[in-house]
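Asker: Structure file query-v4.cif, mmCIF, C-alpha atoms, is pasted below:
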data_protein
#
loop_
_atom_site.group_PDB
_atom_site.id
_atom_site.type_symbol
_atom_site.label_atom_id
_atom_site.label_comp_id
_atom_site.auth_asym_id
_atom_site.auth_seq_id
_atom_site.Cartn_x
_atom_site.Cartn_y
_atom_site.Cartn_z
ATOM 1 C CA MET A 416 0.000 0.000 0.000
ATOM 2 C CA LYS A 417 2.785 2.404 0.861
ATOM 3 C CA LYS A 418 4.572 1.700 -2.455
ATOM 4 C CA GLN A 419 1.386 2.668 -4.374
ATOM 5 C CA SER A 420 1.214 5.963 -2.449
ATOM 6 C CA VAL A 421 4.827 6.835 -3.322
ATOM 7 C CA LEU A 422 4.165 5.981 -6.969
ATOM 8 C CA ASN A 423 1.088 8.227 -7.085
ATOM 9 C CA THR A 424 3.017 11.046 -5.440
ATOM 10 C CA THR A 425 5.813 10.645 -7.987
ATOM 11 C CA GLN A 426 3.349 10.659 -10.893
ATOM 12 C CA ILE A 427 1.572 13.724 -9.529
ATOM 13 C CA CYS A 428 4.923 15.459 -9.071
ATOM 14 C CA LYS A 429 5.970 14.659 -12.663
ATOM 15 C CA VAL A 430 2.678 15.983 -14.053
ATOM 16 C CA ARG A 431 3.014 19.131 -11.948
ATOM 17 C CA ILE A 432 6.622 19.743 -12.993
ATOM 18 C CA GLN A 433 5.693 19.240 -16.671
ATOM 19 C CA ALA A 434 2.785 21.681 -16.331
ATOM 20 C CA ILE A 435 5.057 24.289 -14.709
ATOM 21 C CA LYS A 436 7.648 23.790 -17.445
ATOM 22 C CA GLU A 437 5.044 24.281 -20.191
ATOM 23 C CA ALA A 438 3.555 27.354 -18.504
ATOM 24 C CA MET A 439 6.987 28.913 -18.113
ATOM 25 C CA GLU A 440 7.787 28.269 -21.780
ATOM 26 C CA ILE A 441 4.606 30.076 -22.833
ATOM 27 C CA LEU A 442 5.038 32.962 -20.388
ATOM 28 C CA SER A 443 8.824 33.280 -20.363
ATOM 29 C CA GLY A 444 10.653 36.417 -21.291
ATOM 30 C CA LYS A 445 11.121 39.868 -19.927
ATOM 31 C CA TRP A 446 8.025 41.403 -21.517
ATOM 32 C CA LYS A 447 5.061 39.019 -21.603
ATOM 33 C CA PHE A 448 3.688 39.747 -18.137
ATOM 34 C CA HIS A 449 4.078 43.474 -18.706
ATOM 35 C CA ILE A 450 2.220 43.301 -22.032
ATOM 36 C CA LEU A 451 -0.514 41.073 -20.603
ATOM 37 C CA GLY A 452 -0.894 43.314 -17.548
ATOM 38 C CA THR A 453 -1.176 46.358 -19.808
ATOM 39 C CA LEU A 454 -3.815 44.692 -21.970
ATOM 40 C CA LEU A 455 -5.742 43.612 -18.873
ATOM 41 C CA GLN A 456 -5.894 47.275 -17.809
ATOM 42 C CA GLY A 457 -6.311 48.844 -21.239
ATOM 43 C CA ASP A 458 -8.857 46.614 -22.974
ATOM 44 C CA LYS A 459 -8.091 47.019 -26.717
ATOM 45 C CA LEU A 460 -4.813 48.715 -27.555
ATOM 46 C CA ARG A 461 -3.050 49.507 -30.792
ATOM 47 C CA PHE A 462 0.580 48.617 -31.408
ATOM 48 C CA MET A 463 1.832 52.173 -30.806
ATOM 49 C CA ASP A 464 -0.218 52.423 -27.603
ATOM 50 C CA LEU A 465 1.438 49.250 -26.334
ATOM 51 C CA LEU A 466 4.845 50.518 -27.398
ATOM 52 C CA ARG A 467 4.298 53.665 -25.309
ATOM 53 C CA GLU A 468 2.911 51.765 -22.309
ATOM 54 C CA VAL A 469 5.519 48.995 -22.137
ATOM 55 C CA GLU A 470 8.471 51.146 -21.218
ATOM 56 C CA GLY A 471 11.787 50.097 -22.719
ATOM 57 C CA ILE A 472 10.563 47.514 -25.229
ATOM 58 C CA ALA A 473 11.795 47.772 -28.817
ATOM 59 C CA PRO A 474 9.213 47.649 -31.635
ATOM 60 C CA LYS A 475 10.702 44.433 -33.050
ATOM 61 C CA MET A 476 10.544 42.726 -29.632
ATOM 62 C CA LEU A 477 6.968 43.902 -29.040
ATOM 63 C CA SER A 478 5.970 42.508 -32.427
ATOM 64 C CA LYS A 479 7.639 39.166 -31.643
ATOM 65 C CA GLU A 480 6.030 38.902 -28.209
ATOM 66 C CA LEU A 481 2.575 39.807 -29.573
ATOM 67 C CA GLN A 482 2.881 37.159 -32.286
ATOM 68 C CA ASP A 483 3.966 34.574 -29.720
ATOM 69 C CA MET A 484 1.063 35.384 -27.406
ATOM 70 C CA GLU A 485 -1.383 35.300 -30.318
ATOM 71 C CA VAL A 486 -0.145 31.828 -31.315
ATOM 72 C CA ASN A 487 -0.679 30.718 -27.707
ATOM 73 C CA GLN A 488 -4.193 32.252 -27.720
ATOM 74 C CA LEU A 489 -3.478 34.692 -24.896
ATOM 75 C CA ILE A 490 -4.262 37.724 -27.056
ATOM 76 C CA SER A 491 -6.194 38.373 -30.243
ATOM 77 C CA ARG A 492 -5.216 40.627 -33.117
ATOM 78 C CA ASN A 493 -7.922 42.540 -34.950
ATOM 79 C CA VAL A 494 -7.180 44.353 -38.212
ATOM 80 C CA CYS A 495 -9.594 47.288 -38.401
ATOM 81 C CA ASN A 496 -11.095 48.376 -41.701
ATOM 82 C CA THR A 497 -9.611 51.870 -41.589
ATOM 83 C CA LYS A 498 -7.262 53.951 -43.716
ATOM 84 C CA PRO A 499 -4.503 53.679 -42.815
ATOM 85 C CA VAL A 500 -5.023 50.155 -41.504
ATOM 86 C CA THR A 501 -5.032 49.913 -37.726
ATOM 87 C CA VAL A 502 -4.427 46.797 -35.694
ATOM 88 C CA GLU A 503 -5.843 46.365 -32.203
ATOM 89 C CA TYR A 504 -4.707 43.822 -29.664
ATOM 90 C CA GLU A 505 -6.956 42.462 -26.956
ATOM 91 C CA ILE A 506 -6.531 39.869 -24.261
ATOM 92 C CA THR A 507 -8.583 36.724 -24.900
ATOM 93 C CA GLU A 508 -10.888 35.062 -22.391
ATOM 94 C CA TYR A 509 -8.184 32.459 -21.884
ATOM 95 C CA GLY A 510 -5.600 35.201 -21.401
ATOM 96 C CA LYS A 511 -7.856 36.797 -18.775
ATOM 97 C CA THR A 512 -7.427 33.668 -16.643
ATOM 98 C CA LEU A 513 -3.885 34.963 -15.964
ATOM 99 C CA LYS A 514 -5.252 38.028 -14.133
ATOM 100 C CA PRO A 515 -5.067 36.492 -10.619
ATOM 101 C CA ILE A 516 -1.498 35.335 -11.299
ATOM 102 C CA ILE A 517 -0.425 38.744 -12.617
ATOM 103 C CA ASP A 518 -2.142 40.435 -9.645
ATOM 104 C CA GLU A 519 -0.301 38.150 -7.213
ATOM 105 C CA ILE A 520 3.044 38.784 -8.915
ATOM 106 C CA ALA A 521 2.376 42.532 -8.639
ATOM 107 C CA ASN A 522 1.451 42.172 -4.954
ATOM 108 C CA TRP A 523 4.572 40.111 -4.308
ATOM 109 C CA GLY A 524 6.702 42.716 -6.091
ATOM 110 C CA ILE A 525 5.226 45.539 -4.015
ATOM 111 C CA ALA A 526 5.755 43.609 -0.765
ATOM 112 C CA TYR A 527 9.300 42.670 -1.772
ATOM 113 C CA ARG A 528 10.260 46.237 -2.675
ATOM 114 C CA THR A 529 8.698 47.532 0.543
ATOM 115 C CA SER A 530 10.629 45.011 2.648
ATOM 116 C CA MET A 531 13.884 45.857 0.873
ATOM 117 C CA PHE A 532 13.510 49.591 1.539
ATOM 118 C CA LYS A 533 12.842 48.951 5.250
ATOM 119 C CA LYS A 534 16.295 47.439 5.726
#
Could you show the structure in this file as structure tokens?
Answerer:
Amino acid sequence: MKKQSVLNTTQICKVRIQAIKEAMEILSGKWKFHILGTLLQGDKLRFMDLLREVEGIAPKMLSKELQDMEVNQLISRNVCNTKPVTVEYEITEYGKTLKPIIDEIANWGIAYRTSMFKK
């Protein structure tokens, strides 16, 4: 009976580690959380709006990150029928499921910075 319990724990651990690995691959990079957090606050934003909001990101990097997040269905890209053509980016329903995680990371960052300045 005990051997079965250890086996189940090992299997659960492997599944959990694989899930963490996959999530980190999708969300890795310096900019993704910042872009997602901005889109969560800003609803639909155009490329130039995002470029202004995500301080320090280069246009080429923003384009790459947006494409990556679109492939992973975290954001959607909508080409508007305007002249000149405008493109709006919006967080998807699936992307919105990251809100509690992004909020917790922000809270952790605030608490960490506060504790560091108290020293």
Asker: Taking the file as shown, find all residues satisfying the PyMOL selection byres ((chain A and resi 505-515) around 8) and write them as a ChimeraX atom specification.
Answerer: /A:451-452,454-455,458-460,488-492,503-504,516-519
Asker: If you measure from CA of Asp483 (chain A) to CA of Cys495 (chain A), what distance in Å do you get, rounded to one decimal?
Answerer: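 These atoms are spaced 20.5 Å apart.
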Asker: From the list A:Arg461, A:Ile427, A:Glu485, A:Gly444, which residue is nearest Val502 (chain A) when using all atoms listed in the file?
Answerer: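 Selected residue with least distance to Val502 (chain A): A:Arg461.
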Asker: Please, what distance in Å, to one decimal, runs between CA of Lys479 (chain A) and CA of Ile435 (chain A)?
Answerer: 22.7 Å
Asker: What is the distance, in Å and to one decimal place, between CA of Val500 (chain A) and CA of His449 (chain A)?
Answerer: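 Computing it gives 25.4 Å between the two atoms.
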Asker: Enclose all atoms of region 511-526 of chain A listed in the file in an axis-aligned box, grow every side by 8 Å, and hand back centre and edge lengths in Å to one decimal, as lines of an AutoDock Vina configuration file.
Answerer:
center_x = -0.6
center_y = 39.6
center_z = -9.8
size_x = 30.6
size_y = 27.9
size_z = 34.0
Asker: If the PyMOL selection byres ((chain A and resi 472) around 12) is run on the structure shown, which residues does it catch, given as a VMD selection string?
Answerer: chain A and resid 444 to 447 449 to 450 462 to 463 465 to 471 473 to 481
